[in-house]
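Asks: My file is data_16.txt. It has compact mmCIF, C-alpha atoms:
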```
# COMPACT_ATOMS: atom_id res chain seq x y z
CA MET A 1 98.64 -33.38 33.35
CA LEU A 2 94.94 -32.78 32.80
CA LEU A 3 95.56 -31.92 29.15
CA LEU A 4 97.93 -34.84 28.55
CA PRO A 5 95.29 -37.41 27.40
CA SER A 6 93.86 -34.97 24.86
CA VAL A 7 97.33 -33.93 23.69
CA VAL A 8 98.35 -37.58 23.22
CA LEU A 9 95.20 -38.38 21.23
CA LEU A 10 95.59 -35.25 19.09
CA ALA A 11 99.25 -35.96 18.38
CA THR A 12 98.65 -39.66 17.69
CA PHE A 13 95.80 -39.23 15.24
CA THR A 14 96.56 -35.78 13.77
CA HIS A 15 100.05 -34.34 14.08
CA ILE A 16 102.13 -37.53 13.82
CA PRO A 17 100.22 -38.79 10.73
CA ILE A 18 100.66 -35.36 9.06
CA VAL A 19 104.42 -35.42 9.66
CA ALA A 20 104.64 -39.04 8.48
CA THR A 21 102.67 -38.19 5.33
CA LEU A 22 104.93 -35.23 4.61
CA ILE A 23 108.02 -37.47 4.93
CA ASP A 24 106.48 -40.19 2.74
CA SER A 25 105.73 -37.63 0.01
CA PHE A 26 109.49 -37.37 -0.64
CA TYR A 27 109.84 -41.12 -1.20
CA SER A 28 108.85 -43.38 -4.07
CA THR A 29 106.13 -46.01 -3.78
CA PRO A 30 107.52 -49.28 -2.39
CA ARG A 31 107.14 -52.35 -4.60
CA PRO A 32 107.61 -56.07 -3.81
CA ASN A 33 111.07 -56.14 -5.44
CA ARG A 34 111.91 -52.44 -5.03
CA PRO A 35 111.92 -50.75 -1.63
CA SER A 36 110.96 -47.14 -1.21
CA ARG A 37 113.74 -44.64 -1.92
CA PHE A 38 114.19 -40.91 -1.51
CA VAL A 39 113.16 -39.01 -4.67
CA GLY A 40 112.97 -35.47 -3.35
CA LEU A 41 110.34 -33.32 -5.07
CA ARG A 42 109.70 -35.73 -7.95
CA ASN A 43 106.23 -36.67 -6.69
CA TYR A 44 105.29 -32.99 -6.58
CA GLU A 45 106.81 -32.34 -10.01
CA ASP A 46 104.83 -35.22 -11.53
CA MET A 47 101.70 -33.95 -9.81
CA VAL A 48 102.09 -30.41 -11.18
CA ALA A 49 102.79 -31.78 -14.68
CA ASP A 50 99.62 -33.89 -14.66
CA PRO A 51 96.71 -32.13 -16.43
CA LEU A 52 94.25 -34.21 -14.41
CA PHE A 53 95.52 -32.61 -11.19
CA TRP A 54 94.65 -29.12 -12.43
CA LYS A 55 91.26 -30.27 -13.68
CA VAL A 56 90.53 -31.80 -10.29
CA MET A 57 91.63 -28.62 -8.49
CA TRP A 58 89.35 -26.55 -10.73
CA ASN A 59 86.44 -28.93 -10.07
CA ASN A 60 87.04 -28.69 -6.33
CA ALA A 61 87.19 -24.89 -6.50
CA VAL A 62 83.90 -24.75 -8.42
CA TYR A 63 82.37 -27.22 -5.98
CA ALA A 64 83.47 -25.10 -3.02
CA VAL A 65 82.24 -21.84 -4.56
CA GLY A 66 78.93 -23.52 -5.38
CA THR A 67 78.27 -25.23 -2.06
CA ILE A 68 79.63 -22.83 0.58
CA PRO A 69 77.61 -19.64 -0.08
CA LEU A 70 74.47 -21.51 -1.11
CA SER A 71 74.39 -23.78 1.92
CA ILE A 72 75.10 -20.91 4.34
CA ALA A 73 72.53 -18.60 2.75
CA LEU A 74 69.89 -21.32 2.69
CA ALA A 75 70.65 -22.29 6.28
CA LEU A 76 70.27 -18.68 7.43
CA ALA A 77 67.02 -18.24 5.50
CA MET A 78 65.55 -21.41 6.99
CA ALA A 79 66.64 -20.43 10.49
CA LEU A 80 65.05 -16.99 10.17
CA PHE A 81 61.85 -18.55 8.88
CA VAL A 82 61.41 -21.20 11.58
CA ASN A 83 62.48 -18.78 14.31
CA ASP A 84 59.25 -16.82 13.87
CA ARG A 85 55.98 -17.87 15.46
CA ILE A 86 54.39 -19.75 12.59
CA PRO A 87 52.01 -22.74 12.57
CA GLY A 88 53.82 -26.08 12.43
CA ARG A 89 57.14 -24.57 13.42
CA GLY A 90 58.34 -27.77 15.11
CA PHE A 91 57.46 -29.88 12.08
CA LEU A 92 59.29 -27.49 9.76
CA ARG A 93 62.40 -27.56 11.90
CA MET A 94 62.37 -31.35 11.84
CA ALA A 95 61.81 -31.40 8.07
CA TYR A 96 64.71 -29.01 7.45
CA PHE A 97 67.03 -31.00 9.71
CA THR A 98 66.08 -34.48 8.42
CA PRO A 99 68.56 -34.55 5.49
CA THR A 100 71.39 -33.97 7.95
CA VAL A 101 70.78 -37.18 9.91
CA LEU A 102 70.60 -39.31 6.77
CA PRO A 103 73.85 -41.08 5.80
CA MET A 104 75.42 -39.55 2.71
CA ILE A 105 75.25 -42.92 0.93
CA ALA A 106 71.49 -42.98 1.46
CA VAL A 107 71.20 -39.37 0.28
CA ALA A 108 73.18 -40.21 -2.86
CA ASN A 109 70.86 -43.09 -3.69
CA ILE A 110 67.78 -40.92 -3.14
CA TRP A 111 69.10 -38.31 -5.54
CA LEU A 112 70.10 -40.99 -8.04
CA PHE A 113 66.38 -41.67 -8.32
CA PHE A 114 65.67 -37.96 -8.73
CA TYR A 115 68.25 -37.66 -11.51
CA THR A 116 67.35 -40.85 -13.41
CA PRO A 117 66.76 -39.85 -17.07
CA ASP A 118 63.12 -39.93 -18.15
CA TYR A 119 61.91 -41.88 -15.06
CA GLY A 120 63.39 -39.72 -12.31
CA LEU A 121 61.37 -37.26 -10.25
CA LEU A 122 63.15 -34.24 -11.75
CA ASP A 123 62.41 -35.25 -15.34
CA GLN A 124 58.85 -36.16 -14.40
CA VAL A 125 58.28 -32.62 -13.11
CA LEU A 126 60.07 -30.95 -16.02
CA ARG A 127 58.01 -32.98 -18.48
CA LEU A 128 54.96 -31.03 -17.31
CA PHE A 129 56.65 -27.91 -18.72
CA GLY A 130 57.59 -29.53 -22.01
CA VAL A 131 61.22 -30.29 -21.14
CA GLY A 132 62.56 -33.59 -22.48
CA ALA A 133 64.60 -36.23 -20.66
CA THR A 134 68.02 -35.09 -19.44
CA ASN A 135 70.94 -37.23 -18.31
CA TRP A 136 71.86 -34.95 -15.41
CA LEU A 137 74.76 -37.08 -14.17
CA GLY A 138 75.91 -38.21 -17.60
CA MET A 139 76.69 -34.83 -19.16
CA GLN A 140 79.72 -32.73 -18.29
CA GLU A 141 77.64 -29.55 -18.39
CA THR A 142 75.26 -30.66 -15.62
CA ALA A 143 77.04 -33.37 -13.60
CA LEU A 144 78.97 -31.10 -11.21
CA GLY A 145 75.94 -28.87 -10.67
CA ALA A 146 73.87 -31.92 -9.80
CA ILE A 147 76.49 -33.01 -7.25
CA ILE A 148 76.57 -29.49 -5.74
CA THR A 149 72.78 -29.54 -5.34
CA VAL A 150 72.95 -32.76 -3.32
CA ALA A 151 75.61 -31.33 -0.99
CA VAL A 152 73.67 -28.10 -0.40
CA TRP A 153 70.47 -30.05 0.30
CA LYS A 154 72.21 -32.11 2.97
CA GLU A 155 74.40 -29.46 4.62
CA ALA A 156 71.95 -26.57 4.87
CA GLY A 157 69.88 -28.23 7.60
CA PHE A 158 72.99 -28.87 9.70
CA PHE A 159 74.11 -25.25 9.51
CA MET A 160 70.55 -24.10 10.20
CA ILE A 161 70.70 -25.55 13.72
CA PHE A 162 73.60 -23.28 14.67
CA TYR A 163 71.95 -20.20 13.24
CA LEU A 164 68.67 -21.05 14.94
CA ALA A 165 70.40 -21.43 18.31
CA ALA A 166 72.16 -18.09 17.81
CA LEU A 167 68.92 -16.33 16.82
CA GLN A 168 67.24 -17.56 19.99
CA GLN A 169 70.03 -15.97 22.06
CA ILE A 170 69.38 -12.48 20.67
CA PRO A 171 67.57 -10.44 23.35
CA PRO A 172 63.99 -9.54 22.31
CA ASP A 173 64.55 -6.07 23.76
CA LEU A 174 66.64 -5.22 20.70
CA ARG A 175 63.77 -5.96 18.34
CA GLU A 176 61.36 -3.96 20.48
CA ALA A 177 63.74 -0.99 20.56
CA ALA A 178 64.18 -1.19 16.79
CA ALA A 179 60.41 -1.30 16.28
CA ILE A 180 59.99 1.80 18.46
CA GLU A 181 62.59 3.62 16.34
CA GLY A 182 60.69 2.61 13.19
CA ALA A 183 63.37 0.31 11.78
CA SER A 184 62.23 -2.10 9.10
CA ARG A 185 62.81 -5.84 9.28
CA TRP A 186 65.59 -5.57 6.71
CA THR A 187 67.29 -2.76 8.62
CA PHE A 188 67.07 -4.71 11.87
CA PHE A 189 68.56 -7.77 10.19
CA ARG A 190 71.37 -5.81 8.53
CA ARG A 191 72.25 -3.63 11.53
CA VAL A 192 71.56 -5.95 14.45
CA THR A 193 70.90 -9.60 13.61
CA TRP A 194 73.64 -10.19 11.05
CA PRO A 195 76.46 -8.62 13.14
CA LEU A 196 75.39 -10.64 16.18
CA LEU A 197 75.50 -13.82 14.06
CA ALA A 198 79.11 -13.18 13.02
CA PRO A 199 80.70 -15.73 15.44
CA VAL A 200 78.31 -18.45 14.26
CA THR A 201 78.91 -17.50 10.64
CA LEU A 202 82.66 -17.89 11.13
CA PHE A 203 82.16 -21.31 12.70
CA VAL A 204 79.79 -22.39 9.92
CA LEU A 205 82.13 -21.03 7.25
CA VAL A 206 85.07 -23.06 8.58
CA ASN A 207 82.98 -26.22 8.58
CA ALA A 208 81.58 -25.50 5.11
CA ILE A 209 85.06 -25.08 3.64
CA ILE A 210 86.29 -28.28 5.26
CA ASN A 211 83.25 -30.16 3.95
CA ALA A 212 83.83 -28.77 0.46
CA PHE A 213 87.31 -30.31 0.31
CA ARG A 214 86.66 -33.59 2.08
CA THR A 215 83.69 -34.69 0.03
CA VAL A 216 83.95 -38.04 -1.70
CA ASP A 217 81.23 -40.51 -0.68
CA HIS A 218 78.25 -39.24 -2.68
CA ILE A 219 80.48 -38.63 -5.71
CA LEU A 220 81.65 -42.24 -5.56
CA VAL A 221 78.07 -43.46 -5.49
CA MET A 222 76.59 -41.10 -8.08
CA THR A 223 79.28 -40.50 -10.71
CA HIS A 224 82.60 -42.00 -9.54
CA GLY A 225 84.22 -38.81 -10.77
CA GLY A 226 82.73 -38.94 -14.27
CA PRO A 227 81.81 -38.22 -16.91
CA ASP A 228 85.37 -37.67 -18.15
CA ASN A 229 86.46 -36.49 -14.66
CA ALA A 230 83.85 -33.71 -14.69
CA THR A 231 83.02 -34.40 -11.02
CA ASN A 232 86.43 -35.64 -9.89
CA VAL A 233 87.64 -33.76 -6.79
CA LEU A 234 90.87 -33.75 -4.82
CA LEU A 235 89.93 -36.25 -2.13
CA LEU A 236 88.56 -38.68 -4.71
CA MET A 237 91.79 -38.39 -6.68
CA ILE A 238 93.76 -39.13 -3.51
CA TYR A 239 91.60 -42.18 -2.83
CA GLU A 240 91.95 -43.56 -6.35
CA THR A 241 95.68 -42.84 -6.53
CA GLY A 242 96.39 -44.49 -3.20
CA PHE A 243 93.95 -47.41 -3.14
CA LYS A 244 93.13 -48.07 -6.80
CA PHE A 245 96.48 -47.47 -8.48
CA TRP A 246 98.54 -48.12 -5.30
CA ASP A 247 100.81 -45.14 -5.88
CA GLN A 248 101.67 -44.18 -2.33
CA GLY A 249 104.16 -41.46 -3.25
CA ALA A 250 101.74 -39.58 -5.48
CA ALA A 251 98.87 -40.02 -3.01
CA THR A 252 100.88 -38.58 -0.11
CA ALA A 253 101.91 -35.58 -2.23
CA LEU A 254 98.26 -34.94 -3.09
CA THR A 255 97.37 -35.26 0.58
CA ILE A 256 99.91 -32.61 1.53
CA VAL A 257 98.38 -30.30 -1.08
CA LEU A 258 94.94 -30.88 0.45
CA LEU A 259 96.27 -30.16 3.95
CA ALA A 260 98.01 -27.03 2.69
CA VAL A 261 94.83 -25.74 1.04
CA LEU A 262 92.74 -26.34 4.16
CA SER A 263 95.39 -24.85 6.46
CA GLY A 264 95.71 -21.76 4.28
CA LEU A 265 91.97 -21.21 4.12
CA ALA A 266 91.58 -21.75 7.87
CA LEU A 267 94.43 -19.34 8.61
CA PHE A 268 92.88 -16.72 6.35
CA GLN A 269 89.52 -17.06 8.09
CA PHE A 270 90.85 -16.81 11.62
CA VAL A 271 93.29 -14.00 10.85
CA VAL A 272 91.27 -11.88 8.43
CA ALA A 273 87.60 -12.83 8.79
CA SER A 274 87.71 -13.03 12.59
CA ARG A 275 88.51 -9.32 12.75
CA ARG A 276 84.90 -8.66 11.79
CA VAL A 277 83.59 -10.98 14.48
CA HIS A 278 82.31 -9.40 17.70
CA TYR A 279 81.58 -11.77 20.56
CA GLN A 280 80.05 -9.21 22.88
```
Any chance you could give the structure as structure tokens?
Replies:
Amino acid sequence: MLLLPSVVLLATFTHIPIVATLIDSFYSTPRPNRPSRFVGLRNYEDMVADPLFWKVMWNNAVYAVGTIPLSIALALAMALFVNDRIPGRGFLRMAYFTPTVLPMIAVANIWLFFYTPDYGLLDQVLRLFGVGATNWLGMQETALGAIITVAVWKEAGFFMIFYLAALQQIPPDLREAAAIEGASRWTFFRRVTWPLLAPVTLFVLVNAIINAFRTVDHILVMTHGGPDNATNVLLLMIYETGFKFWDQGAATALTIVLLAVLSGLALFQFVVASRRVHYQ
């Protein structure tokens, strides 16, 4: 009885919509003069036959590989740095965390100024080294990398908070014992700190993977998936298919693919990666 309110909310807003989406993915898109009808796996067959779908999946994979390790590594480095007794430690913590509290739309507009060709901050700095103007968001070679940079800049501060909290829970006796034994800082980090951070790393990794596949807002503002779908990702494709082209059948099939990818990655993390996690 105590769990019933939470179970009802979870079922209403998570499980029931997933089941309804799965059922809808086997039906065609309803039209004013043509009701929805059962089409079986046709929506999935059309999706697999669409070259854009595979391009979007590749973009999302590159985006995930680019953002997840970079944001986690940067978050850990920042946490280790501000955990030491250094002047202005409180100010540095606030500065590192500030991008996290900014809305993603605001962050996207800030970086639009940075990436503006010739007049943007990035080109202004590179001009000092003799580099000419570059259309960072207008070229296929640089657009996705520019989007990845924005995501890492915003997410690293959020993950840093969890690492910083975990570092502050490590008993100082361990560092003192390691110093007595003559262990270097790198040895202490590799043998003591990093293993003790494993539960936090698992939590951060799950969140980083989810964020990598549910990103859409800053891409809409900065590139809208361009140029030539170079920055188009799965969630953006779902949004455009469902709300721009009004193809409900195709959008639900894409949604099931997204849910399957996230479920598979989460299962892999909790079954395989959690074996290396020690909570005591």
Asks: Dump as a PyMOL selection string all residues having an atom at most 12 Å from (84.6, -26.3, -8.1), computed in the file's coordinates with all atoms listed in the file.
Replies: chain A and resi 54-68+143-145+147-148+209+212-213+215+230-234
Asks: Quick one: distance from atom CA of A:Asp247 to atom CA of A:Ser25 in Å, one decimal?
Replies: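 Distance between the two atoms: 10.7 Å.
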Asks: Quick one: of A:Leu126, A:Leu235, A:Val261, A:Leu197, who's nearest to A:Ala165, counting all atoms listed in the file?
Replies: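 Once distances to A:Ala165 are computed over all atoms listed in the file, the minimum belongs to A:Leu197.
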Asks: Between A:Val150, A:Val19, A:Ala166, A:Val125, single out the one closest to A:Leu112, counting all atoms listed in the file.
Replies: A:Val150
Asks: Tell me which protein, DNA and RNA residues are within 10 Å of A:Gly132, counting only C-alpha atoms, leaving out same-chain ones fewer than 5 positions away, and put them as a VMD selection string.
Replies: chain A and resid 117 to 118 123 to 124 126 to 127
Asks: Identify which of the residues A:Thr14, A:Gln140, A:Thr134, A:Asn43 lies closest to A:Thr252, counting only C-alpha atoms when measuring atom-to-atom distances.
Replies: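 Closest residue, counting only C-alpha atoms: A:Asn43.
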Asks: If you count all atoms listed in the file, which residues fall within 12 Å of A:Ala95, apart from same-chain ones fewer than 2 positions away, as a PyMOL selection string?
Replies: chain A and resi 78+82+88-93+97-102+153-154+156-158+160
Asks: From the list A:Lys244, A:Ala183, A:Pro199, A:Leu258, which residue is nearest A:Arg214 when using all atoms listed in the file?
Replies: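 Among A:Lys244, A:Ala183, A:Pro199, A:Leu258, it is A:Leu258 that comes nearest to A:Arg214.
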Asks: Have a look at A:Thr187, A:Asn109, A:Thr223, A:Gln269 and name the one nearest to A:Phe203; count all atoms listed in the file.
Replies: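 When distances to A:Phe203 are compared using all atoms listed in the file, the smallest one comes from A:Gln269.
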Asks: Skipping near chain neighbours, those fewer than 2 positions away, what residues fall within 12 Å of A:Phe113 using only C-alpha atoms, listed as a short mmCIF file (atom, residue, chain, number, x, y, z; two decimals) with C-alpha atoms, in the frame of the given file?
Replies:
```cif
data_model
loop_
_atom_site.label_atom_id
_atom_site.label_comp_id
_atom_site.auth_asym_id
_atom_site.auth_seq_id
_atom_site.Cartn_x
_atom_site.Cartn_y
_atom_site.Cartn_z
CA ALA A 106 71.49 -42.98 1.46
CA VAL A 107 71.20 -39.37 0.28
CA ALA A 108 73.18 -40.21 -2.86
CA ASN A 109 70.86 -43.09 -3.69
CA ILE A 110 67.78 -40.92 -3.14
CA TRP A 111 69.10 -38.31 -5.54
CA TYR A 115 68.25 -37.66 -11.51
CA THR A 116 67.35 -40.85 -13.41
CA PRO A 117 66.76 -39.85 -17.07
CA ASP A 118 63.12 -39.93 -18.15
CA TYR A 119 61.91 -41.88 -15.06
CA GLY A 120 63.39 -39.72 -12.31
CA LEU A 121 61.37 -37.26 -10.25
CA LEU A 122 63.15 -34.24 -11.75
CA ASP A 123 62.41 -35.25 -15.34
CA GLN A 124 58.85 -36.16 -14.40
CA ASN A 135 70.94 -37.23 -18.31
CA TRP A 136 71.86 -34.95 -15.41
CA LEU A 137 74.76 -37.08 -14.17
CA MET A 222 76.59 -41.10 -8.08
#
```
Asks: Find the residue from A:Asn33, A:Leu167, A:Ile256, A:Phe268 that sits nearest to A:Asn83; use all atoms listed in the file when measuring.
Replies: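 Distance minimum relative to A:Asn83 lands on A:Leu167.
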Asks: Calculate how many Å separate atom CA of A:Ile238 from atom CA of A:Ala251, rounding to one decimal.
Replies: 5.2 Å
Asks: Would you compute the distance between atom CA of A:Leu236 and atom CA of A:Val204? Give it in Å to one decimal.
Replies: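 Pair atom CA of A:Leu236 / atom CA of A:Val204 returns 23.6 Å.
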